[in-house]
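The structure appears right after this line, and notes come after that.
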Amino acid sequence: MKILIVGGGVFGLSTALSLQRRGHSVTVFDRLPAPAEDAASTDISKVRLALASIEAFKSQWNPDAERRLGRALYVESGCLFATRTSEMNAFERESFETLALGGVRVEKVQRERVAQLMGLFPEGMLSRTSLLNASAGFAYSGLTIEYVALRAQEAGVKFVCGGNAGTFAAFVYSPSNGNTVVGIKTMDGAVHHANRVIVAAGSWTPSLVPQLRGFYGFPVSDLTGELKVANHGPGFKSSFHLDTRPASRVSQPAKSVVTPTAIPKLAVAMYRKVLAHAFPETNQLDITRTRLCWYCESWDGNFFIDAVTGMSNCFVATGGSGHGFKFAPVLGDVIADIVEGKPSDFRELFQWREKPVGV
């Protein structure tokens, strides 16, 4: 089967690798080479996928990447959960119970040990004990994308990246059935036919698949030495940026309309309150710049991996933003199973669904 994938991020590349290995002829289109400079955030839930991914990183991908690229992709740094309250809420308890079922040992760490490891915290900031998951870690985003792209190329995946030739322009529909997708057209005017088209364009996905509008994302910022503090929760509606189409030049991304201090007063007050409690020494510092981040996340926290409603032969694989990336070693097979129509534990969880009224 000939399959076209629009998007060279982690969703697209991992899917390309899996489908090519299964005997399909796969071509990836992206307007930028991998790793793309304007991908969604790849900051460093889905416990089953995460545990399987960590194991694959450690046992398979890390040794191979060290041989090929001279560096491991995944670093087992551990993760410390330190709170002011001594009791976990129901969601936290269920999360740790699920980790335990997966064989992950979470140990209690006394407050004095936390202070020894991380420095002193303000009085009353920490409870007597914190929780340490020593098996947690992070993956180097750009290096991992480079690695997956390399393996996909070796497996036979074709790439059309950069310029008008790699930039999606429109879907191509069957002349006899206006809902059946038979390929894509790129900005250079070329038409590429296929049996299946998979849109895995991250935060640009709503621009290509209007049925998903509401998910957005900014390009990844360069390291500047500034302290980045973010609130990943209910956001503010922007009245000055409703155009989600890709910018014409990476050097002038669409987010350039945002002024250096374009942040609601309520958000400033919230940040200051948090900083005053957690890191009081930083609360006297000025805000150097702000970003209103557009994440390609779903309203219920689950991915969208399914056929697009109302469009035959067209699939979407998106909704991960900073949380899809850690599943790179196993995500491709999950998506490939769904595209091929095979039984999958994740089909129902990630199926196409409409947002309930009032949510």
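By convention here, the chains of the structure tokens are called A, B, ... in the order presented, each chain's residues are numbered starting at 1, and ligands are numbered starting at 1 in the order presented.
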
- Message: Taking 6 positions as the minimum chain separation for residues in the same chain, which residues sit within 7 Å of Gly7 (chain A) when counting only C-alpha atoms? Answer as a PyMOL selection string.
- Response: chain A and resi 28-30+199-201

- Message: Applying 8 Å and only C-alpha atoms, which residues near Glu107 (chain A) remain after dropping the ones on its own chain fewer than 6 positions away? List them as a list of chain:residue names.
- Response: A:Leu131, A:Leu132, A:Asn133

- May I have the residues within 10 Å of Val47 (chain A) as number ranges by chain, using only C-alpha atoms and disregarding those fewer than 4 positions away in the same chain? A: 51-53, 95-96, 98-99, 102

Same residues, N, CA and C atoms, saved as a short mmCIF file (atom, residue, chain, number, x, y, z; two decimals), in the first residue's frame:
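The resulting file, again.cif, is shown below:
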data_model
loop_
_atom_site.label_atom_id
_atom_site.label_comp_id
_atom_site.auth_asym_id
_atom_site.auth_seq_id
_atom_site.Cartn_x
_atom_site.Cartn_y
_atom_site.Cartn_z
N LEU A 51 6.05 3.40 29.99
CA LEU A 51 6.93 2.35 30.51
C LEU A 51 7.53 1.52 29.37
N ALA A 52 6.71 1.21 28.37
CA ALA A 52 7.22 0.46 27.22
C ALA A 52 8.24 1.28 26.46
N SER A 53 8.01 2.58 26.37
CA SER A 53 8.93 3.46 25.66
C SER A 53 10.26 3.56 26.38
N SER A 95 -2.39 7.23 40.23
CA SER A 95 -1.24 7.28 39.33
C SER A 95 -0.10 6.43 39.86
N PHE A 96 0.21 6.56 41.12
CA PHE A 96 1.30 5.79 41.70
C PHE A 96 0.96 4.30 41.80
N THR A 98 -0.87 2.76 39.62
CA THR A 98 -0.69 2.27 38.26
C THR A 98 0.78 2.04 37.95
N LEU A 99 1.64 2.95 38.41
CA LEU A 99 3.08 2.76 38.24
C LEU A 99 3.54 1.47 38.92
N GLY A 102 2.90 -1.55 37.03
CA GLY A 102 3.83 -1.69 35.91
C GLY A 102 5.23 -2.05 36.34
#

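Of the residues listed (A:Ala269, A:Cys314, A:Val148, A:Ile287), A:Val148 shows the shortest atom-to-atom separation from Phe11 (chain A); distances use only C-alpha atoms.
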
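The neighbours of Gly142 (chain A) here are the residues that come within 8 Å of it, using only C-alpha atoms and leaving out any residue fewer than 3 positions away in the same chain; they are Pro35, Ile145 and Glu146 of chain A.
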
- Per DSSP on the backbone, filter region 26-186 of chain A down to the residues in strand (DSSP E or B) and report them as a ChimeraX atom specification. /A:26-30,74-75,79-81,106-110,129-133,138-139,158-161,168-174,177-186

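Excluding Thr318 (chain A) itself and same-chain residues fewer than 6 positions from it, the residues having an atom within 9 Å of it are Phe11, Val199, Ala200, Ala201, Gly202, Ser203, Thr205, Cys296, Glu297, Ser298, Phe303, Phe304, Ile305 and Gly324 of chain A, counting only C-alpha atoms.
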